[in-house]
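Coordinates as given in upload_10.cif (mmCIF, C-alpha atoms):
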data_start
loop_
_atom_site.group_PDB
_atom_site.id
_atom_site.type_symbol
_atom_site.label_atom_id
_atom_site.label_comp_id
_atom_site.auth_asym_id
_atom_site.auth_seq_id
_atom_site.Cartn_x
_atom_site.Cartn_y
_atom_site.Cartn_z
ATOM 1 C CA MET A 2 94.742 107.666 110.676
ATOM 2 C CA LEU A 3 95.395 110.179 107.909
ATOM 3 C CA LYS A 4 92.538 112.237 106.621
ATOM 4 C CA GLU A 5 92.349 112.772 102.864
ATOM 5 C CA LYS A 6 93.331 116.429 103.180
ATOM 6 C CA ASN A 7 96.588 115.396 104.858
ATOM 7 C CA LEU A 8 97.865 113.364 101.937
ATOM 8 C CA ILE A 9 99.187 114.369 98.547
ATOM 9 C CA ASN A 10 99.648 111.356 96.327
ATOM 10 C CA VAL A 11 101.794 112.967 93.653
ATOM 11 C CA ALA A 12 101.360 110.258 90.999
ATOM 12 C CA GLU A 13 97.546 110.303 91.347
ATOM 13 C CA ASP A 14 96.855 113.926 92.243
ATOM 14 C CA PHE A 15 99.417 115.556 89.959
ATOM 15 C CA SER A 16 101.551 113.447 87.599
ATOM 16 C CA ASP A 17 103.740 110.371 87.607
ATOM 17 C CA GLU A 18 106.205 112.237 85.359
ATOM 18 C CA PRO A 19 106.738 115.669 86.898
ATOM 19 C CA PHE A 20 109.321 117.735 85.023
ATOM 20 C CA GLY A 21 110.933 121.159 85.159
ATOM 21 C CA ARG A 22 110.710 124.285 87.269
ATOM 22 C CA TYR A 23 108.330 126.673 85.518
ATOM 23 C CA PRO A 24 105.125 126.429 83.457
ATOM 24 C CA GLU A 25 107.138 126.928 80.258
ATOM 25 C CA ASP A 26 108.895 123.602 81.008
ATOM 26 C CA GLY A 27 105.611 121.695 80.701
ATOM 27 C CA PRO A 28 102.231 121.226 82.420
ATOM 28 C CA TYR A 29 103.543 119.144 85.335
ATOM 29 C CA ASN A 30 106.193 121.542 86.548
ATOM 30 C CA ALA A 31 107.358 122.284 90.095
ATOM 31 C CA THR A 32 105.838 125.769 90.362
ATOM 32 C CA THR A 33 102.377 124.441 89.513
ATOM 33 C CA PHE A 34 102.763 121.559 91.988
ATOM 34 C CA ARG A 35 103.968 123.852 94.766
ATOM 35 C CA ASP A 36 101.434 126.662 94.231
ATOM 36 C CA ASP A 37 98.350 124.616 93.322
ATOM 37 C CA HIS A 38 98.820 121.512 95.495
ATOM 38 C CA LEU A 39 101.451 121.821 98.202
ATOM 39 C CA ILE A 40 100.917 125.318 99.592
ATOM 40 C CA PRO A 41 97.090 125.007 99.676
ATOM 41 C CA ALA A 42 97.438 121.648 101.503
ATOM 42 C CA LEU A 43 99.874 123.214 104.000
ATOM 43 C CA LYS A 44 97.493 126.111 104.626
ATOM 44 C CA LYS A 45 94.614 123.708 105.378
ATOM 45 C CA LEU A 46 96.540 122.055 108.217
ATOM 46 C CA SER A 47 95.541 122.922 111.737
ATOM 47 C CA GLY A 48 97.081 122.286 115.153
ATOM 48 C CA GLU A 49 99.320 119.228 115.322
ATOM 49 C CA GLU A 50 98.291 117.846 111.927
ATOM 50 C CA LYS A 51 100.957 116.576 109.545
ATOM 51 C CA LEU A 52 101.001 116.387 105.763
ATOM 52 C CA THR A 53 102.242 113.322 103.886
ATOM 53 C CA ILE A 54 103.720 113.826 100.436
ATOM 54 C CA ASP A 55 103.765 110.442 98.769
ATOM 55 C CA PHE A 56 105.877 110.090 95.629
ATOM 56 C CA THR A 57 105.144 106.345 95.269
ATOM 57 C CA GLY A 58 104.533 105.627 91.582
ATOM 58 C CA VAL A 59 106.828 108.441 90.461
ATOM 59 C CA PRO A 60 109.896 106.649 89.084
ATOM 60 C CA GLY A 61 112.260 109.558 89.672
ATOM 61 C CA LEU A 62 112.482 113.287 90.310
ATOM 62 C CA GLY A 63 114.803 115.787 88.694
ATOM 63 C CA SER A 64 116.760 118.074 91.004
ATOM 64 C CA SER A 65 115.347 121.158 89.245
ATOM 65 C CA PHE A 66 111.835 119.995 90.206
ATOM 66 C CA MET A 67 112.926 119.239 93.764
ATOM 67 C CA GLU A 68 114.655 122.610 94.197
ATOM 68 C CA GLU A 69 111.713 124.588 92.911
ATOM 69 C CA VAL A 70 109.233 122.699 95.114
ATOM 70 C CA PHE A 71 111.171 122.646 98.401
ATOM 71 C CA GLY A 72 113.523 125.614 97.968
ATOM 72 C CA GLY A 73 110.530 127.494 96.558
ATOM 73 C CA LEU A 74 108.548 126.815 99.738
ATOM 74 C CA ILE A 75 111.192 128.699 101.716
ATOM 75 C CA ARG A 76 111.229 131.556 99.193
ATOM 76 C CA ALA A 77 107.430 131.668 99.601
ATOM 77 C CA GLY A 78 107.901 132.395 103.313
ATOM 78 C CA PHE A 79 107.825 128.987 105.014
ATOM 79 C CA ASP A 80 110.433 128.039 107.604
ATOM 80 C CA PRO A 81 112.525 124.886 106.925
ATOM 81 C CA GLU A 82 112.220 123.660 110.521
ATOM 82 C CA TYR A 83 108.451 124.057 110.433
ATOM 83 C CA ILE A 84 108.231 122.244 107.081
ATOM 84 C CA ASN A 85 110.420 119.358 108.320
ATOM 85 C CA SER A 86 108.295 119.046 111.451
ATOM 86 C CA ILE A 87 104.952 118.796 109.635
ATOM 87 C CA ILE A 88 105.769 117.014 106.371
ATOM 88 C CA ILE A 89 106.129 113.242 106.207
ATOM 89 C CA TYR A 90 108.130 112.410 103.086
ATOM 90 C CA LYS A 91 107.641 109.229 101.089
ATOM 91 C CA PHE A 92 110.185 109.221 98.296
ATOM 92 C CA PRO A 93 110.986 106.398 95.850
ATOM 93 C CA LEU A 94 114.654 106.485 96.912
ATOM 94 C CA ALA A 95 116.022 107.524 100.307
ATOM 95 C CA PHE A 96 118.473 110.176 99.084
ATOM 96 C CA TYR A 97 115.633 112.417 97.818
ATOM 97 C CA GLU A 98 114.712 113.356 101.395
ATOM 98 C CA ILE A 99 118.299 114.473 102.067
ATOM 99 C CA GLN A 100 118.148 116.504 98.875
ATOM 100 C CA ALA A 101 114.807 118.152 99.741
ATOM 101 C CA LYS A 102 116.163 119.224 103.132
ATOM 102 C CA LYS A 103 119.388 120.444 101.543
ATOM 103 C CA PHE A 104 117.477 122.621 99.068
ATOM 104 C CA MET A 105 115.435 124.136 101.895
ATOM 105 C CA ALA A 106 118.569 124.878 103.929
ATOM 106 C CA MET A 107 120.259 126.407 100.853
ATOM 107 C CA ALA A 108 117.226 128.604 100.128
ATOM 108 C CA LYS A 109 117.205 129.773 103.765
ATOM 109 C CA ASN A 110 120.931 130.594 103.601
ATOM 110 C CA ASN A 111 120.448 132.518 100.352
ATOM 111 C CA GLN A 112 117.771 134.621 102.062
ATOM 112 C CA LYS A 113 120.207 135.507 104.848
ATOM 113 C CA ASP A 114 122.906 136.617 102.326
ATOM 114 C CA MET B 19 151.680 56.452 119.756
ATOM 115 C CA ASP B 20 149.935 54.763 116.858
ATOM 116 C CA SER B 21 146.550 55.737 118.221
ATOM 117 C CA LEU B 22 147.697 59.363 118.593
ATOM 118 C CA ILE B 23 148.834 59.457 114.950
ATOM 119 C CA SER B 24 145.628 57.843 113.792
ATOM 120 C CA LEU B 25 143.672 60.523 115.700
ATOM 121 C CA LEU B 26 145.900 63.391 114.529
ATOM 122 C CA SER B 27 145.651 62.662 110.798
ATOM 123 C CA PRO B 28 141.874 63.043 110.463
ATOM 124 C CA SER B 29 141.966 66.094 112.769
ATOM 125 C CA LEU B 30 144.570 67.796 110.566
ATOM 126 C CA ALA B 31 142.556 66.894 107.482
ATOM 127 C CA ILE B 32 139.428 68.486 109.015
ATOM 128 C CA VAL B 33 141.308 71.659 110.028
ATOM 129 C CA GLY B 34 142.913 71.869 106.566
ATOM 130 C CA TRP B 35 139.547 71.428 104.913
ATOM 131 C CA GLY B 36 138.116 74.153 107.190
ATOM 132 C CA ILE B 37 140.860 76.602 106.195
ATOM 133 C CA ALA B 38 140.437 75.836 102.494
ATOM 134 C CA TYR B 39 136.653 76.232 102.739
ATOM 135 C CA ARG B 40 136.954 79.527 104.602
ATOM 136 C CA LEU B 41 139.459 80.955 102.131
ATOM 137 C CA ALA B 42 137.323 79.891 99.167
ATOM 138 C CA LYS B 43 134.296 81.554 100.784
ATOM 139 C CA VAL B 44 136.165 84.802 101.462
ATOM 140 C CA ASN B 45 137.583 84.795 97.952
ATOM 141 C CA SER B 46 134.219 84.243 96.296
ATOM 142 C CA THR B 47 132.579 87.014 98.390
ATOM 143 C CA ARG B 48 135.436 89.323 97.409
ATOM 144 C CA THR B 49 135.003 88.466 93.720
ATOM 145 C CA GLU B 50 131.235 89.025 93.880
ATOM 146 C CA SER B 51 131.663 92.402 95.574
ATOM 147 C CA LYS B 52 134.314 93.406 93.039
ATOM 148 C CA SER B 53 132.017 92.464 90.207
ATOM 149 C CA LEU B 54 129.197 94.589 91.716
ATOM 150 C CA ILE B 55 131.611 97.517 92.090
ATOM 151 C CA ASP B 56 132.704 97.130 88.464
ATOM 152 C CA SER B 57 129.100 97.180 87.324
ATOM 153 C CA CYS B 58 128.426 100.327 89.434
ATOM 154 C CA ASN B 59 131.471 102.002 87.921
ATOM 155 C CA THR B 60 130.315 101.152 84.408
ATOM 156 C CA LEU B 61 126.956 102.790 85.203
ATOM 157 C CA ILE B 62 128.658 105.836 86.740
ATOM 158 C CA ASP B 63 130.986 106.225 83.735
ATOM 159 C CA THR B 64 128.114 105.911 81.262
ATOM 160 C CA LEU B 65 126.054 108.490 83.164
ATOM 161 C CA ALA B 66 129.020 110.872 83.388
ATOM 162 C CA GLU B 67 129.716 110.503 79.677
ATOM 163 C CA LYS B 68 126.089 110.979 78.590
ATOM 164 C CA GLY B 69 125.649 113.858 81.067
ATOM 165 C CA SER B 70 128.709 115.714 79.803
ATOM 166 C CA GLU B 71 127.643 115.134 76.194
ATOM 167 C CA PHE B 72 124.208 116.584 76.984
ATOM 168 C CA TYR B 73 125.479 119.694 78.766
ATOM 169 C CA LEU B 74 128.278 120.355 76.271
ATOM 170 C CA SER B 75 125.925 120.264 73.295
ATOM 171 C CA PRO B 76 124.884 123.853 72.402
ATOM 172 C CA THR B 77 121.086 123.499 72.497
ATOM 173 C CA SER B 78 118.293 121.033 73.235
ATOM 174 C CA THR B 79 114.523 120.909 72.780
ATOM 175 C CA LYS B 80 112.157 120.348 75.728
ATOM 176 C CA GLY B 81 111.631 116.817 74.369
ATOM 177 C CA GLN B 82 115.355 116.086 74.406
ATOM 178 C CA GLN B 83 115.607 117.492 77.932
ATOM 179 C CA ARG B 84 112.781 115.277 79.178
ATOM 180 C CA ASN B 85 114.324 112.243 77.484
ATOM 181 C CA PHE B 86 117.708 112.893 79.046
ATOM 182 C CA GLU B 87 116.148 113.392 82.485
ATOM 183 C CA LYS B 88 114.203 110.111 82.205
ATOM 184 C CA TYR B 89 117.358 108.308 81.121
ATOM 185 C CA ALA B 90 119.409 109.800 83.979
ATOM 186 C CA LEU B 91 116.716 109.029 86.583
ATOM 187 C CA ASN B 92 116.386 105.406 85.454
ATOM 188 C CA LYS B 93 120.125 104.855 85.585
ATOM 189 C CA ILE B 94 120.433 106.604 88.965
ATOM 190 C CA SER B 95 117.691 104.323 90.376
ATOM 191 C CA LEU B 96 119.559 101.272 89.114
ATOM 192 C CA LEU B 97 122.826 102.597 90.538
ATOM 193 C CA PHE B 98 121.156 103.271 93.895
ATOM 194 C CA LYS B 99 119.857 99.679 94.078
ATOM 195 C CA LYS B 100 123.280 98.250 93.276
ATOM 196 C CA LEU B 101 124.874 100.507 95.882
ATOM 197 C CA GLU B 102 122.315 99.216 98.403
ATOM 198 C CA LEU B 103 123.499 95.658 97.667
ATOM 199 C CA LEU B 104 127.096 96.738 98.201
ATOM 200 C CA ASP B 105 126.093 98.440 101.435
ATOM 201 C CA LYS B 106 124.882 95.064 102.753
ATOM 202 C CA ARG B 107 128.378 93.727 101.965
ATOM 203 C CA GLY B 108 130.026 96.474 103.981
ATOM 204 C CA VAL B 109 131.005 98.707 101.040
ATOM 205 C CA THR B 110 129.099 101.848 101.945
ATOM 206 C CA THR B 111 128.370 104.997 99.954
ATOM 207 C CA LYS B 112 127.005 108.058 101.737
ATOM 208 C CA GLN B 113 123.522 109.079 100.571
ATOM 209 C CA GLU B 114 124.829 112.652 100.190
ATOM 210 C CA MET B 115 127.260 111.481 97.496
ATOM 211 C CA ILE B 116 124.465 109.914 95.449
ATOM 212 C CA SER B 117 122.328 113.010 96.001
ATOM 213 C CA ASP B 118 125.159 115.296 94.809
ATOM 214 C CA PHE B 119 125.722 113.191 91.684
ATOM 215 C CA HIS B 120 121.967 113.231 90.982
ATOM 216 C CA MET B 121 121.935 117.025 91.454
ATOM 217 C CA ALA B 122 124.895 117.518 89.120
ATOM 218 C CA LEU B 123 123.161 115.425 86.465
ATOM 219 C CA THR B 124 119.624 116.793 86.626
ATOM 220 C CA GLU B 125 119.474 120.258 88.181
ATOM 221 C CA GLY B 126 120.485 122.171 85.066
ATOM 222 C CA ILE B 127 118.399 120.209 82.544
ATOM 223 C CA PRO B 128 115.489 122.679 82.049
ATOM 224 C CA THR B 129 117.862 125.633 81.618
ATOM 225 C CA HIS B 130 120.254 123.824 79.278
ATOM 226 C CA GLY B 131 121.285 125.965 76.313
ATOM 227 C CA LEU B 132 120.551 129.321 77.972
ATOM 228 C CA LYS B 133 124.019 130.095 79.390
ATOM 229 C CA GLN B 134 127.082 128.279 78.118
ATOM 230 C CA GLU B 135 129.048 128.984 81.311
ATOM 231 C CA GLU B 136 126.414 127.283 83.472
ATOM 232 C CA ASP B 137 126.268 124.301 81.121
ATOM 233 C CA ASP B 138 130.066 123.966 81.271
ATOM 234 C CA ASN B 139 129.904 124.075 85.077
ATOM 235 C CA CYS B 140 127.281 121.305 85.072
ATOM 236 C CA ALA B 141 129.547 119.133 82.888
ATOM 237 C CA HIS B 142 132.511 119.690 85.226
ATOM 238 C CA LYS B 143 130.413 118.994 88.300
ATOM 239 C CA ILE B 144 129.198 115.717 86.788
ATOM 240 C CA MET B 145 132.779 114.600 86.193
ATOM 241 C CA SER B 146 133.929 115.514 89.721
ATOM 242 C CA GLU B 147 130.907 113.977 91.521
ATOM 243 C CA SER B 148 131.137 110.770 89.495
ATOM 244 C CA ALA B 149 134.853 110.516 90.287
ATOM 245 C CA LYS B 150 134.112 110.913 94.014
ATOM 246 C CA ILE B 151 131.706 107.942 94.031
ATOM 247 C CA SER B 152 134.063 105.771 91.962
ATOM 248 C CA TYR B 153 137.034 106.559 94.179
ATOM 249 C CA ASN B 154 134.970 105.941 97.315
ATOM 250 C CA LEU B 155 133.886 102.507 96.027
ATOM 251 C CA HIS B 156 137.458 101.466 95.294
ATOM 252 C CA SER B 157 138.850 102.731 98.600
ATOM 253 C CA GLN B 158 136.019 101.109 100.599
ATOM 254 C CA PHE B 159 136.663 97.846 98.764
ATOM 255 C CA HIS B 160 140.349 97.918 99.732
ATOM 256 C CA VAL B 161 139.455 98.539 103.360
ATOM 257 C CA LYS B 162 136.869 95.758 103.428
ATOM 258 C CA TYR B 163 138.849 93.287 101.326
ATOM 259 C CA PRO B 164 142.569 94.079 101.736
ATOM 260 C CA PRO B 165 144.910 92.141 99.443
ATOM 261 C CA ILE B 166 146.778 89.200 101.022
ATOM 262 C CA GLU B 167 150.460 90.204 100.970
ATOM 263 C CA GLY B 168 152.138 88.084 103.641
ATOM 264 C CA PHE B 169 151.534 85.798 106.587
ATOM 265 C CA ILE B 170 150.498 88.662 108.920
ATOM 266 C CA SER B 171 147.950 90.103 106.490
ATOM 267 C CA PHE B 172 146.835 86.560 105.722
ATOM 268 C CA LYS B 173 146.076 86.040 109.424
ATOM 269 C CA ARG B 174 144.234 89.360 109.668
ATOM 270 C CA TYR B 175 142.282 88.576 106.526
ATOM 271 C CA PHE B 176 141.420 85.126 107.794
ATOM 272 C CA TRP B 177 140.097 86.245 111.186
ATOM 273 C CA LYS B 178 138.308 89.328 109.883
ATOM 274 C CA HIS B 179 135.834 87.465 107.657
#
As a first step, turn the structure in this file into structure tokens.
Amino acid sequence: MLKEKNLINVAEDFSDEPFGRYPEDGPYNATTFRDDHLIPALKKLSGEEKLTIDFTGVPGLGSSFMEEVFGGLIRAGFDPEYINSIIIYKFPLAFYEIQAKKFMAMAKNNQKD
Amino acid sequence: MDSLISLLSPSLAIVGWGIAYRLAKVNSTRTESKSLIDSCNTLIDTLAEKGSEFYLSPTSTKGQQRNFEKYALNKISLLFKKLELLDKRGVTTKQEMISDFHMALTEGIPTHGLKQEEDDNCAHKIMSESAKISYNLHSQFHVKYPPIEGFISFKRYFWKH
């Protein structure tokens, strides 16, 4: 059974129309979501706990938003393998999960270069 | 002899009817799948055209960017659902291809108008990713529903479906 702290319902807790990378793109941008919602929720996890990110109710997500959220997590110091092991993704369409993982892998590769 | 002929005639009629029914079924499934592919290609072409138009225009306001993103996301969702239907008919599209097309369409939206070179690259990427999906749909269709060209391919076609 998930505890409340282990769930981010994006449509309810943030916005059902997230857009853009940075605050100058609008109030519901990826940087704000990552820094104010996702990273604090990840830091609250303990032991074997997992975090569910539920995008139900969000009709679609732009790739710029996705890159800044998930690629940004890696740039903020998180490891892609760790993130994939503790996050349960619930996306409106299946290909978004592939994209999130791709952005994390790309961000990790860019760090190596 | 008479009884053999009287038994053979209805049997041949039943077998003939079976073949005709089976061919009609295969043909109608093929037509339905082709029509779904055509509708996917129309969506892909429209998205590619609108996407290129957006990225090749010199500037855009935040409002225009949001509107284009909403439009692209709605159409991509519709395309994804149609591709799912085709998948059930054996015409498969890799999720990575849809993801790459989605990336080409939406990743550069918030930075549109800042660097012309990047905008041009986005437009080119849209065209190449859309072409990949279209080509894949057509080639998968020909594998799944090969045209009947002679007795041998007719036999293969008949037993396959």
>> What's the separation between atom CA of A:Glu68 and atom CA of A:Phe104, in Å to one decimal place?
In response: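 Between these atoms lies a distance of 5.6 Å.
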Give me, as a Markdown table, each residue of chain B that comes within 6 Å of chain A, together with its shortest interatomic pair and the distance in Å at one decimal, counting all atoms listed in the file, with rows ordered by chain and rising residue number.
| residue | atom | partner | partner_atom | distance |
| --- | --- | --- | --- | --- |
| B:Leu91 | CA | A:Gly61 | CA | 5.4 |
| B:Gln113 | CA | A:Phe96 | CA | 5.4 |
| B:Ser117 | CA | A:Phe96 | CA | 5.7 |
| B:Met121 | CA | A:Ser64 | CA | 5.3 |
| B:Thr124 | CA | A:Gly63 | CA | 5.3 |
| B:Glu125 | CA | A:Ser65 | CA | 4.4 |
| B:Pro128 | CA | A:Gly21 | CA | 5.7 |
Store the residues picked out above, limited to C-alpha atoms, as a compact mmCIF listing (two decimals), in the coordinates of the input.
# COMPACT_ATOMS: atom_id res chain seq x y z
CA LEU B 91 116.72 109.03 86.58
CA GLN B 113 123.52 109.08 100.57
CA SER B 117 122.33 113.01 96.00
CA MET B 121 121.94 117.02 91.45
CA THR B 124 119.62 116.79 86.63
CA GLU B 125 119.47 120.26 88.18
CA PRO B 128 115.49 122.68 82.05
>> List the spatial neighbours of stretch 155-168 of chain B as a ChimeraX atom specification - criterion: any atom at most 8 Å away, all atoms listed in the file, same-chain residues fewer than 6 positions off excluded.
In response: /B:48,52,55,108-111,175
> Hey, what comes out of the PyMOL selection byres ((chain A and resi 46) around 12) on this file? Could you write it as number ranges by chain?
Replying inline: A: 3-8, 39-45, 47-53, 84, 87-88
>> Applying the PyMOL selection byres ((chain B and resi 134) around 10) to the file I just gave you, which residues come out? Please list them as a list in words.
In response: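 That selection, the PyMOL selection byres ((chain B and resi 134) around 10), comes back as Tyr73, Leu74, Ser75, Pro76, Thr77, His130, Gly131, Leu132, Lys133, Glu135, Glu136, Asp137, Asp138, Asn139 and Cys140 of chain B.
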> Evaluating the PyMOL selection byres ((chain A and resi 71) around 9) on the displayed file yields which residues, as JSON, numbers by chain?
Replying inline: {"A": [35, 66, 67, 68, 69, 70, 72, 73, 74, 75, 76, 81, 101, 102, 104, 105, 108]}
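The spacing separating atom CA of A:Thr32 from atom CA of B:Tyr89 amounts to 22.9 Å.
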> For the atom pair atom CA of A:Gln112 and atom CA of A:Phe15, what is the interatomic distance in Å to one decimal place?
Replying inline: 29.1 Å
